[in-house]
Structure formats: structure tokens, C-alpha cells
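Here is data_36.cif, consisting of mmCIF, C-alpha atoms:
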data_protein
#
loop_
_atom_site.label_atom_id
_atom_site.label_comp_id
_atom_site.auth_asym_id
_atom_site.auth_seq_id
_atom_site.Cartn_x
_atom_site.Cartn_y
_atom_site.Cartn_z
CA MET E 29 -15.26 34.78 -94.80
CA ASN E 30 -14.57 31.61 -92.90
CA ASN E 31 -11.61 30.14 -94.78
CA LYS E 32 -10.49 27.66 -92.13
CA ARG E 33 -12.10 24.71 -93.83
CA LEU E 34 -13.18 24.21 -97.43
CA SER E 35 -16.44 22.31 -97.24
CA VAL E 36 -18.19 20.33 -99.95
CA PHE E 37 -20.77 23.12 -99.96
CA ASN E 38 -18.10 25.74 -100.76
CA ILE E 39 -16.53 23.57 -103.46
CA CYS E 40 -19.93 23.06 -105.09
CA PHE E 41 -20.73 26.77 -104.84
CA MET E 42 -17.36 27.62 -106.41
CA ALA E 43 -18.05 25.17 -109.24
CA MET E 44 -21.51 26.65 -109.77
CA MET E 45 -20.09 30.18 -109.95
CA ALA E 46 -17.34 29.04 -112.37
CA ALA E 47 -20.03 27.47 -114.56
CA MET E 48 -22.05 30.69 -114.44
CA VAL E 49 -18.99 32.71 -115.50
CA TYR E 50 -18.41 30.30 -118.39
CA VAL E 51 -22.03 30.36 -119.60
CA VAL E 52 -22.43 34.13 -119.33
CA THR E 53 -19.19 34.59 -121.31
CA LEU E 54 -20.81 32.74 -124.22
CA PHE E 55 -23.27 35.61 -124.69
CA ARG E 56 -21.31 38.56 -126.04
CA PHE E 57 -21.64 41.09 -128.81
CA PRO E 58 -19.03 43.07 -130.75
CA MET E 59 -18.46 46.72 -129.92
CA LEU E 60 -15.64 49.07 -130.89
CA GLY E 61 -13.29 46.28 -131.97
CA SER E 62 -13.85 44.18 -128.87
CA LYS E 63 -16.65 42.19 -127.23
CA VAL E 64 -19.07 43.36 -124.55
CA HIS E 65 -20.56 40.82 -122.13
CA PHE E 66 -21.82 40.36 -118.57
CA ALA E 67 -19.14 37.87 -117.54
CA ASN E 68 -17.27 40.52 -115.57
CA ALA E 69 -20.39 41.10 -113.46
CA VAL E 70 -20.52 37.38 -112.63
CA CYS E 71 -16.79 37.40 -111.83
CA LEU E 72 -17.39 40.25 -109.38
CA LEU E 73 -20.40 38.42 -107.99
CA SER E 74 -18.09 35.46 -107.31
CA GLY E 75 -15.83 37.73 -105.26
CA ILE E 76 -18.84 39.10 -103.38
CA LEU E 77 -20.39 35.72 -102.61
CA LEU E 78 -17.30 33.61 -102.01
CA GLY E 79 -14.68 36.10 -100.88
CA PRO E 80 -11.25 36.78 -102.35
CA LEU E 81 -9.70 33.33 -102.74
CA GLN E 82 -12.69 31.15 -103.54
CA GLY E 83 -14.36 33.87 -105.62
CA GLY E 84 -11.11 34.46 -107.47
CA LEU E 85 -10.78 30.77 -108.23
CA ALA E 86 -14.37 30.55 -109.50
CA ALA E 87 -13.95 33.63 -111.72
CA GLY E 88 -10.54 32.58 -113.03
CA ILE E 89 -11.44 28.96 -113.69
CA GLY E 90 -14.75 29.80 -115.38
CA SER E 91 -13.12 32.39 -117.66
CA ALA E 92 -10.10 30.18 -118.42
CA LEU E 93 -12.43 27.30 -119.24
CA TYR E 94 -14.20 29.51 -121.78
CA ASP E 95 -10.86 30.42 -123.39
CA ALA E 96 -9.79 26.77 -123.48
CA VAL E 97 -13.03 25.64 -125.14
CA ALA E 98 -12.86 28.61 -127.56
CA GLY E 99 -9.42 27.40 -128.69
CA TYR E 100 -7.12 30.05 -127.26
CA ASP E 101 -3.48 29.17 -126.68
CA LEU E 102 -2.17 28.20 -123.24
CA VAL E 103 -0.54 31.59 -122.59
CA ASN E 104 -3.82 33.45 -123.16
CA ILE E 105 -5.71 30.91 -121.04
CA LEU E 106 -3.27 31.48 -118.17
CA ILE E 107 -3.44 35.26 -118.57
CA THR E 108 -7.23 35.06 -118.40
CA LEU E 109 -7.07 32.81 -115.34
CA VAL E 110 -4.81 35.27 -113.52
CA SER E 111 -6.57 38.48 -114.57
CA LYS E 112 -10.11 37.25 -113.79
CA PHE E 113 -8.85 35.77 -110.52
CA ALA E 114 -7.34 39.17 -109.68
CA MET E 115 -10.63 40.93 -110.46
CA ALA E 116 -12.71 38.79 -108.10
CA TRP E 117 -9.89 38.64 -105.53
CA MET E 118 -9.63 42.44 -105.38
CA CYS E 119 -13.42 42.75 -105.12
CA GLY E 120 -13.52 40.25 -102.25
CA MET E 121 -10.53 41.83 -100.48
CA VAL E 122 -12.02 45.32 -100.56
CA LEU E 123 -15.47 44.09 -99.57
CA TYR E 124 -14.38 41.98 -96.61
CA SER E 125 -11.59 44.24 -95.36
CA GLY E 126 -13.96 46.23 -93.17
CA LYS E 127 -17.17 46.00 -91.24
CA LYS E 128 -20.65 45.62 -92.74
CA PRO E 129 -19.71 44.03 -96.09
CA HIS E 130 -23.36 43.68 -97.12
CA ARG E 131 -24.02 47.43 -97.55
CA LEU E 132 -24.77 48.48 -101.13
CA ASP E 133 -22.23 51.31 -101.16
CA ARG E 134 -19.48 49.02 -99.86
CA THR E 135 -20.37 46.38 -102.43
CA ALA E 136 -20.29 48.95 -105.25
CA VAL E 137 -16.86 50.26 -104.17
CA ALA E 138 -15.50 46.70 -104.00
CA CYS E 139 -16.88 45.96 -107.47
CA ALA E 140 -15.32 49.15 -108.84
CA ALA E 141 -11.93 48.16 -107.40
CA GLY E 142 -12.20 44.68 -108.92
CA ALA E 143 -13.37 45.93 -112.30
CA LEU E 144 -10.62 48.54 -112.51
CA THR E 145 -8.04 45.92 -111.56
CA TYR E 146 -9.15 43.88 -114.56
CA VAL E 147 -9.14 46.88 -116.94
CA VAL E 148 -5.57 47.76 -115.93
CA LEU E 149 -4.40 44.14 -116.35
CA TYR E 150 -6.15 43.86 -119.73
CA ALA E 151 -4.57 47.12 -120.92
CA LEU E 152 -1.16 45.91 -119.73
CA LYS E 153 -1.60 42.60 -121.57
CA THR E 154 -2.61 44.45 -124.75
CA PHE E 155 0.36 46.80 -124.48
CA ILE E 156 2.85 43.95 -123.92
CA TYR E 157 1.48 41.90 -126.80
CA GLN E 158 1.34 44.85 -129.23
CA LYS E 159 4.77 46.26 -128.35
CA PHE E 160 6.92 43.27 -127.47
CA VAL E 161 5.29 40.24 -129.07
CA TYR E 162 4.11 41.81 -132.34
CA GLY E 163 6.66 44.67 -132.38
CA PHE E 164 4.27 47.39 -133.53
CA PRO E 165 5.30 51.07 -133.34
CA MET E 166 4.08 53.06 -130.33
CA GLU E 167 1.41 54.91 -132.32
CA THR E 168 -0.19 51.61 -133.26
CA VAL E 169 0.25 50.23 -129.75
CA ASN E 170 -1.42 53.27 -128.20
CA ALA E 171 -4.31 53.18 -130.68
CA THR E 172 -4.87 49.48 -130.05
CA VAL E 173 -4.74 49.88 -126.27
CA VAL E 174 -7.29 52.72 -126.41
CA SER E 175 -9.54 50.70 -128.74
CA LYS E 176 -9.48 47.78 -126.27
CA VAL E 177 -9.77 49.85 -123.07
CA ILE E 178 -12.95 51.66 -124.16
CA PRO E 179 -15.09 48.47 -124.36
CA SER E 180 -13.36 47.20 -121.21
CA LEU E 181 -14.45 50.32 -119.36
CA ILE E 182 -17.99 49.82 -120.67
CA ASN E 183 -17.89 46.21 -119.44
CA ALA E 184 -16.52 47.45 -116.12
CA ALA E 185 -19.27 50.05 -115.73
CA VAL E 186 -21.97 47.49 -116.52
CA ALA E 187 -20.41 45.03 -114.07
CA VAL E 188 -20.09 47.63 -111.30
CA VAL E 189 -23.80 48.40 -111.62
CA ALA E 190 -25.09 44.87 -112.26
CA ALA E 191 -23.17 42.80 -109.69
CA PRO E 192 -24.12 44.80 -106.56
CA LEU E 193 -27.73 45.16 -107.70
CA PHE E 194 -28.07 41.46 -108.37
CA TYR E 195 -26.38 40.54 -105.10
CA HIS E 196 -28.61 42.85 -103.07
CA ALA E 197 -31.68 41.58 -104.92
CA VAL E 198 -30.92 37.98 -103.87
CA LEU E 199 -29.48 38.83 -100.42
CA PRO E 200 -32.83 38.43 -98.60
CA ALA E 201 -33.32 35.00 -100.17
CA LEU E 202 -29.76 33.98 -99.26
CA ARG E 203 -30.39 35.05 -95.66
CA SER E 204 -33.78 33.36 -95.29
CA SER E 205 -32.61 30.10 -96.85
CA GLY E 206 -29.59 29.89 -94.54
CA LEU E 207 -27.14 29.90 -97.46
CA LEU E 208 -25.55 33.14 -96.34
CA LYS E 209 -24.66 31.69 -92.92
CA ARG E 210 -23.11 28.67 -94.61
CA MET E 211 -20.91 30.95 -96.73
CA TYR E 212 -20.01 33.63 -94.21
CA SER E 213 -19.10 33.96 -90.60
CA GLY E 214 -19.72 37.02 -88.44
CA ALA E 215 -22.62 38.91 -86.94
CA ASP E 216 -23.53 40.67 -90.18
CA ALA E 217 -24.53 37.43 -91.92
#
Take the structure in this file and express it as C-alpha cells.
Amino acid sequence: MNNKRLSVFNICFMAMMAAMVYVVTLFRFPMLGSKVHFANAVCLLSGILLGPLQGGLAAGIGSALYDAVAGYDLVNILITLVSKFAMAWMCGMVLYSGKKPHRLDRTAVACAAGALTYVVLYALKTFIYQKFVYGFPMETVNATVVSKVIPSLINAAVAVVAAPLFYHAVLPALRSSGLLKRMYSGADA
């Protein structure tokens, strides 16, 4: 990624990706005491398209905006901002740490790293809230963490499959339109 200068194009693309994260988060359905959605796939897609920092900002801001509009408290909004940022950041870091970032296998590994980062952070948040904020006994804490991690792992699996497939489906169009060169630097673009 060329991070020397943040252009109007990059700012607009970040805003578009944040809006996509927000909109996709609106469409969710309950499962096993939690909610399943495709927002994580769009967060990972932000990391793929924009790289660690800009993708992380798009994912974090879009998700935090959803929480703010949904009426969550400031602490939860900030936790969401940080954890979704970390997901896209990790995805972008793994993807762009080596050569040939546009290979499907490399993209899938990067998405898996990002998705697992989020699952771990979400489980940690659940544990801290259950144990230290609410003061529940460990049996209850463990049961709650497991009940939240299972749908998170399902979301992660869906995101790890969906984000690379979508990216590689639109990659030829990004190349032919010149958008890829505007986003990336390097011979692989």
C-alpha cells in the first residue's frame, strides 16, 4: 500500500467501505444467543482493499457508527471501534507483509488471521464484562463466553470464505478500471 499521501480518492473509498460495513451490519439474524451477519466479511474486505490502517479505520468507523445509531453506550462503541479496526488491520498486515498479495490463498490466510483476531477480542470482552463488570461466577462466565464464541466462529468462517471470494470476483474489474493502481503501489497491481 502506498501510505505516503492520503488522497481524496482514498478518503472517499474509506468512507464508502465504512458505509458498506454499516449497512451490511443492519442485516442480521439471531443464532445461538447472538447475531449472525456478513459485516465481518466487509470489514475484512476493507483490510484487503485499503490495507491495514485505512481498512482498519473503515471497518472500525462503520461498525462503531452502527453501534452509535443502535443506541449502545460509549464504552461498547469504543470497544467495537477498536476490535473491528484490529480485525481489518490484522488482515491487511498479513496480506501486505509479503509478495503477491492478490493470490487467493494469501487473501484467505489474511482473512483467517483477521477474523480470529476479532473472535479472540470478542471473547475477551465477553469474559471481562461477565466476570468483572457483572460479577458472575466462573461457570456462568464460561457458559456465556462459549455461547458467544460459537456464533462468532460461524461469522468468522463465513467471512473467511466470503471476503476473498468477493475480492477475487471483482479483482479483474478493479484492474481494468484502473482503481487497483490508484489504491496500490507495486508491480503486482
Neighbourhood query: residues within 12 Å of (-21.5, 28.2, -112.6), file coordinates, counting only C-alpha atoms; return as a VMD selection string.
-> chain E and resid 39 to 53 67 70 to 71 73 to 74 83 85 to 91 93 to 94
Quick check on the file I pasted: which residues fall under the PyMOL selection byres ((chain E and resi 150) around 10)? Write them as a CSV table (one decimal) with C-alpha atoms, in the frame of the given file.
chain,number,residue,atom,x,y,z
E,107,ILE,CA,-3.4,35.3,-118.6
E,108,THR,CA,-7.2,35.1,-118.4
E,111,SER,CA,-6.6,38.5,-114.6
E,112,LYS,CA,-10.1,37.2,-113.8
E,144,LEU,CA,-10.6,48.5,-112.5
E,145,THR,CA,-8.0,45.9,-111.6
E,146,TYR,CA,-9.2,43.9,-114.6
E,147,VAL,CA,-9.1,46.9,-116.9
E,148,VAL,CA,-5.6,47.8,-115.9
E,149,LEU,CA,-4.4,44.1,-116.4
E,151,ALA,CA,-4.6,47.1,-120.9
E,152,LEU,CA,-1.2,45.9,-119.7
E,153,LYS,CA,-1.6,42.6,-121.6
E,154,THR,CA,-2.6,44.4,-124.8
E,155,PHE,CA,0.4,46.8,-124.5
E,156,ILE,CA,2.8,44.0,-123.9
E,173,VAL,CA,-4.7,49.9,-126.3
E,176,LYS,CA,-9.5,47.8,-126.3
E,177,VAL,CA,-9.8,49.8,-123.1
E,180,SER,CA,-13.4,47.2,-121.2
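Straight-line separation from CA of Arg131 in chain E to CA of Val110 in chain E: 27.8 Å.
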Which distance in Å separates CA of Thr135 in chain E and CA of Ala201 in chain E, to one decimal?
-> 17.4 Å
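You will find CA of Ile105 in chain E at 23.0 Å from CA of Phe164 in chain E.
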Can you report as lines of an AutoDock Vina configuration file the centre and edge lengths in Å, to one decimal, of an axis-aligned box around the listed atoms of range 85-100 of chain E padded with 5 Å on each side?
center_x = -10.9
center_y = 29.6
center_z = -118.5
size_x = 17.6
size_y = 18.0
size_z = 30.5
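Distances to Ala191 in chain E were evaluated for E:Leu72, E:Met211, E:Ala140, E:Leu106 using all atoms listed in the file, and the minimum falls at E:Leu72.
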Set the distance at 8 Å and use all atoms listed in the file: which residues neighbour Phe66 in chain E once local chain neighbours fewer than 5 positions away are removed? I'd like the list as a PDB file with C-alpha atoms, in the frame of the given file.
ATOM      1  CA  VAL E  52     -22.430  34.130-119.330  1.00  0.00           C
ATOM      2  CA  THR E  53     -19.190  34.590-121.310  1.00  0.00           C
ATOM      3  CA  PHE E  55     -23.270  35.610-124.690  1.00  0.00           C
ATOM      4  CA  ARG E  56     -21.310  38.560-126.040  1.00  0.00           C
ATOM      5  CA  ASN E 183     -17.890  46.210-119.440  1.00  0.00           C
ATOM      6  CA  VAL E 186     -21.970  47.490-116.520  1.00  0.00           C
ATOM      7  CA  ALA E 187     -20.410  45.030-114.070  1.00  0.00           C
TER       8      ALA E 187
END
Rank E:Leu81, E:Cys139, E:Asp95, E:Asp133 by their smallest atom-to-atom distance to Phe113 in chain E, using all atoms listed in the file, and report the top residue only.
->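 Closest candidate: E:Leu81.
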Please evaluate the PyMOL selection byres ((chain E and resi 124-127) around 9) against the structure above and give the resulting residues as a PyMOL selection string.
-> chain E and resi 29+76+79-80+119-123+128-130+138+216
Residue nearest Pro192 in chain E - candidates E:Ala92, E:Ala116, E:Ala143, E:Ala136, atoms counted: all atoms listed in the file =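 Of all the options, E:Ala136 lies closest to Pro192 in chain E.
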Residue nearest Phe194 in chain E - candidates E:Pro179, E:Leu109, E:Arg210, E:Leu132, atoms counted: all atoms listed in the file =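 For Phe194 in chain E, the nearest of the given residues is E:Leu132.
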